[in-house]
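For reference, the structure discussed in these notes is given below.
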Amino acid sequence: MFTQFPYVVIEGPIGSGKTTLARMLAEKFSVELLSEKAEANPFLTRFYQDAQRYALPTQLFFLFQRSRQIEDMAQRDMFGQPTVSDFFLEKDPLFAKLNLDDEEYSLYHQIYHHLQLKAPKPDLVVYLQTPVDALMDRIEERNISYEQGMPREYIARLSEAYSEFFHAYDASPLLIVNNEKLNIIKDPEAFNLLIDRIRQIKSSREYFNPNF
């Protein structure tokens, strides 16, 4: 798999399982794991308690965190070896546009462009497209304290923003996965089935709709 696609990005909304899948792939194939480490953001808990007040510092922390990660990549030449990541830089403005007001977004936009970030282009992006009800169930199941009580309306807006983003995305080969019934944690067969499907990719945009 990583011979065909040396740099794989797993993406999807909160609760889609992108971090779990990226970690499982890294362990199975003994490749580098690049993770966004959301828990390191000191503003994140407060954002979920008062989104309007803490959206900007939360967003800027993530932006600078990812900026440092990209710099580290360049210094260590990480992408000379196979890598799987649970985020990519292109999604950062998606969250910013969703969470910031006009003035805050204008400031964010200036900082984003001032940084002149140039992230490596993925060889493959796997988008875990997950229905809102399934996202809400999985958020509840994983029981991360600051995520509990997250409004369904916010998750719905986030899910829609992801769908719109990937509808237009064409910078890298893209596999869109119907993630409603694909439970890689509880079902090893699902994990292996997804790996087999990735190995079969031949074109720039493909779909995987597993039936269980």
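Identifiers for the structure tokens are assigned positionally: chains receive A, B, ... in sequence, residues are indexed from 1 per chain, and ligands are indexed from 1 in the order shown.
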### Task
Quick one: everything within 10 Å of Tyr154 in chain A, counting only C-alpha atoms, minus sequence neighbours fewer than 6 positions away in the same chain. Send it as a VMD selection string.
chain A and resid 98 to 99 132 160
### Task
Please run DSSP on the backbone and report, as a ChimeraX atom specification, all residues within chain A that come out as strand (DSSP E).
/A:7-11,32-34,83-85,124-129,174-178,205-208
### Query
Residues at most 12 Å from Ser30 in chain A, counting only C-alpha atoms, excluding those fewer than 2 positions away in the same chain, as a PyMOL selection string?
chain A and resi 1-2+22-28+32-33+81-84
### Task
Fewer than 3 positions away in the same chain doesn't count, so skip those; otherwise give me all residues within 10 Å of Asp92 in chain A, counting only C-alpha atoms, as a PyMOL selection string.
chain A and resi 59-60+62-63+66+87-89+95-97+112
### For range 204-211 of chain A: contacts at 8 Å, only C-alpha atoms, fewer than 3 positions along chain excluded, given as number ranges by chain
A: 170, 172-179, 181-182, 197, 201
Filtering to N, CA, C and O atoms, could you give me those residues as an mmCIF file, in the first residue's frame?
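What landed in result-v4.cif:
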data_model
loop_
_atom_site.group_PDB
_atom_site.id
_atom_site.type_symbol
_atom_site.label_atom_id
_atom_site.label_comp_id
_atom_site.auth_asym_id
_atom_site.auth_seq_id
_atom_site.Cartn_x
_atom_site.Cartn_y
_atom_site.Cartn_z
ATOM 1 N N ASP A 170 -9.345 18.259 -5.835
ATOM 2 C CA ASP A 170 -8.719 17.488 -6.912
ATOM 3 C C ASP A 170 -7.199 17.600 -6.904
ATOM 4 O O ASP A 170 -6.536 17.298 -7.889
ATOM 5 N N SER A 172 -5.058 15.866 -5.107
ATOM 6 C CA SER A 172 -4.428 14.556 -4.949
ATOM 7 C C SER A 172 -5.461 13.474 -5.254
ATOM 8 O O SER A 172 -6.663 13.742 -5.211
ATOM 9 N N PRO A 173 -5.018 12.254 -5.532
ATOM 10 C CA PRO A 173 -5.977 11.157 -5.634
ATOM 11 C C PRO A 173 -6.812 11.057 -4.358
ATOM 12 O O PRO A 173 -6.287 11.233 -3.250
ATOM 13 N N LEU A 174 -8.095 10.766 -4.532
ATOM 14 C CA LEU A 174 -9.041 10.805 -3.413
ATOM 15 C C LEU A 174 -9.888 9.539 -3.403
ATOM 16 O O LEU A 174 -10.469 9.162 -4.426
ATOM 17 N N LEU A 175 -9.950 8.888 -2.237
ATOM 18 C CA LEU A 175 -10.870 7.776 -2.021
ATOM 19 C C LEU A 175 -11.925 8.234 -1.014
ATOM 20 O O LEU A 175 -11.592 8.539 0.140
ATOM 21 N N ILE A 176 -13.181 8.280 -1.448
ATOM 22 C CA ILE A 176 -14.285 8.664 -0.574
ATOM 23 C C ILE A 176 -14.920 7.391 -0.035
ATOM 24 O O ILE A 176 -15.417 6.558 -0.799
ATOM 25 N N VAL A 177 -14.879 7.231 1.285
ATOM 26 C CA VAL A 177 -15.340 6.006 1.936
ATOM 27 C C VAL A 177 -16.670 6.260 2.625
ATOM 28 O O VAL A 177 -16.788 7.182 3.448
ATOM 29 N N ASN A 178 -17.670 5.449 2.304
ATOM 30 C CA ASN A 178 -18.925 5.468 3.066
ATOM 31 C C ASN A 178 -18.640 4.805 4.405
ATOM 32 O O ASN A 178 -18.508 3.583 4.505
ATOM 33 N N ASN A 179 -18.557 5.614 5.438
ATOM 34 C CA ASN A 179 -18.046 5.169 6.734
ATOM 35 C C ASN A 179 -19.150 4.823 7.719
ATOM 36 O O ASN A 179 -18.890 4.625 8.895
ATOM 37 N N LYS A 181 -21.078 2.097 8.126
ATOM 38 C CA LYS A 181 -21.054 0.750 8.694
ATOM 39 C C LYS A 181 -19.644 0.190 8.826
ATOM 40 O O LYS A 181 -19.462 -0.931 9.301
ATOM 41 N N LEU A 182 -18.658 0.951 8.413
ATOM 42 C CA LEU A 182 -17.270 0.480 8.427
ATOM 43 C C LEU A 182 -16.663 0.746 9.802
ATOM 44 O O LEU A 182 -16.154 1.834 10.063
ATOM 45 N N ARG A 197 -9.108 -2.317 -0.619
ATOM 46 C CA ARG A 197 -9.716 -1.358 -1.543
ATOM 47 C C ARG A 197 -8.725 -0.272 -1.935
ATOM 48 O O ARG A 197 -8.671 0.166 -3.099
ATOM 49 N N ILE A 201 -6.871 1.117 -6.048
ATOM 50 C CA ILE A 201 -7.113 2.439 -6.633
ATOM 51 C C ILE A 201 -6.312 2.623 -7.922
ATOM 52 O O ILE A 201 -5.103 2.381 -7.960
#
### Query
Any idea what's packed within 10 Å of range 100-102 of chain A, counting only C-alpha atoms, ignoring anything in its chain fewer than 4 positions away? Could you give it as a PyMOL selection string?
chain A and resi 51-56+59+95-96+106-108
### Query
Which parts of range 7-205 of chain A does DSSP call helix (DSSP H, G or I) when run on the backbone here, written out as a VMD selection string?
chain A and resid 18 to 29 38 to 40 44 to 49 51 to 76 78 to 80 89 to 99 102 to 115 132 to 142 145 to 147 152 to 168 188 to 199
#### Entry: Residue contacts of Leu115 in chain A (10 Å, only C-alpha atoms) excluding same-chain residues fewer than 2 positions away, as number ranges by chain
A: 63-64, 67, 110-113, 117-118
Please produce an output containing N, CA and C atoms for each residue in the selection, written as a PDB file, in the first residue's frame.
ATOM      1  N   LEU A  63      -3.211  26.423  13.777  1.00  0.00           N
ATOM      2  CA  LEU A  63      -2.468  26.886  12.603  1.00  0.00           C
ATOM      3  C   LEU A  63      -0.966  26.912  12.867  1.00  0.00           C
ATOM      4  N   PHE A  64      -0.564  27.477  14.005  1.00  0.00           N
ATOM      5  CA  PHE A  64       0.863  27.542  14.314  1.00  0.00           C
ATOM      6  C   PHE A  64       1.429  26.153  14.632  1.00  0.00           C
ATOM      7  N   SER A  67       1.976  24.598  11.366  1.00  0.00           N
ATOM      8  CA  SER A  67       3.105  25.260  10.729  1.00  0.00           C
ATOM      9  C   SER A  67       4.426  24.683  11.231  1.00  0.00           C
ATOM     10  N   GLN A 110      -5.060  36.596   6.848  1.00  0.00           N
ATOM     11  CA  GLN A 110      -3.801  37.315   6.677  1.00  0.00           C
ATOM     12  C   GLN A 110      -2.631  36.528   7.261  1.00  0.00           C
ATOM     13  N   ILE A 111      -2.834  35.968   8.451  1.00  0.00           N
ATOM     14  CA  ILE A 111      -1.769  35.204   9.098  1.00  0.00           C
ATOM     15  C   ILE A 111      -1.450  33.946   8.296  1.00  0.00           C
ATOM     16  N   TYR A 112      -2.498  33.267   7.837  1.00  0.00           N
ATOM     17  CA  TYR A 112      -2.329  32.037   7.061  1.00  0.00           C
ATOM     18  C   TYR A 112      -1.461  32.284   5.827  1.00  0.00           C
ATOM     19  N   HIS A 113      -1.753  33.358   5.113  1.00  0.00           N
ATOM     20  CA  HIS A 113      -0.993  33.651   3.899  1.00  0.00           C
ATOM     21  C   HIS A 113       0.390  34.206   4.213  1.00  0.00           C
ATOM     22  N   LEU A 117       2.770  28.739   4.049  1.00  0.00           N
ATOM     23  CA  LEU A 117       2.956  27.324   4.315  1.00  0.00           C
ATOM     24  C   LEU A 117       2.876  26.518   3.019  1.00  0.00           C
ATOM     25  N   LYS A 118       3.827  25.631   2.846  1.00  0.00           N
ATOM     26  CA  LYS A 118       3.841  24.775   1.662  1.00  0.00           C
ATOM     27  C   LYS A 118       3.964  23.329   2.125  1.00  0.00           C
TER      28      LYS A 118
END
Show me a table, sorted first by chain and then by increasing residue number, of the residues of range 112-202 of chain A having an atom at most 12 Å from range 37-46 of chain A, each with its shortest atom pair and the distance in Å to one decimal, counting only C-alpha atoms and written as a tab-separated table.
residue	atom	partner	partner_atom	distance
A:Ile144	CA	A:Glu39	CA	10.1
A:Ser145	CA	A:Thr45	CA	8.6
A:Tyr146	CA	A:Thr45	CA	5.3
A:Glu147	CA	A:Thr45	CA	8.0
A:Gln148	CA	A:Thr45	CA	10.5
A:Gly149	CA	A:Thr45	CA	11.9
A:Met150	CA	A:Thr45	CA	11.1
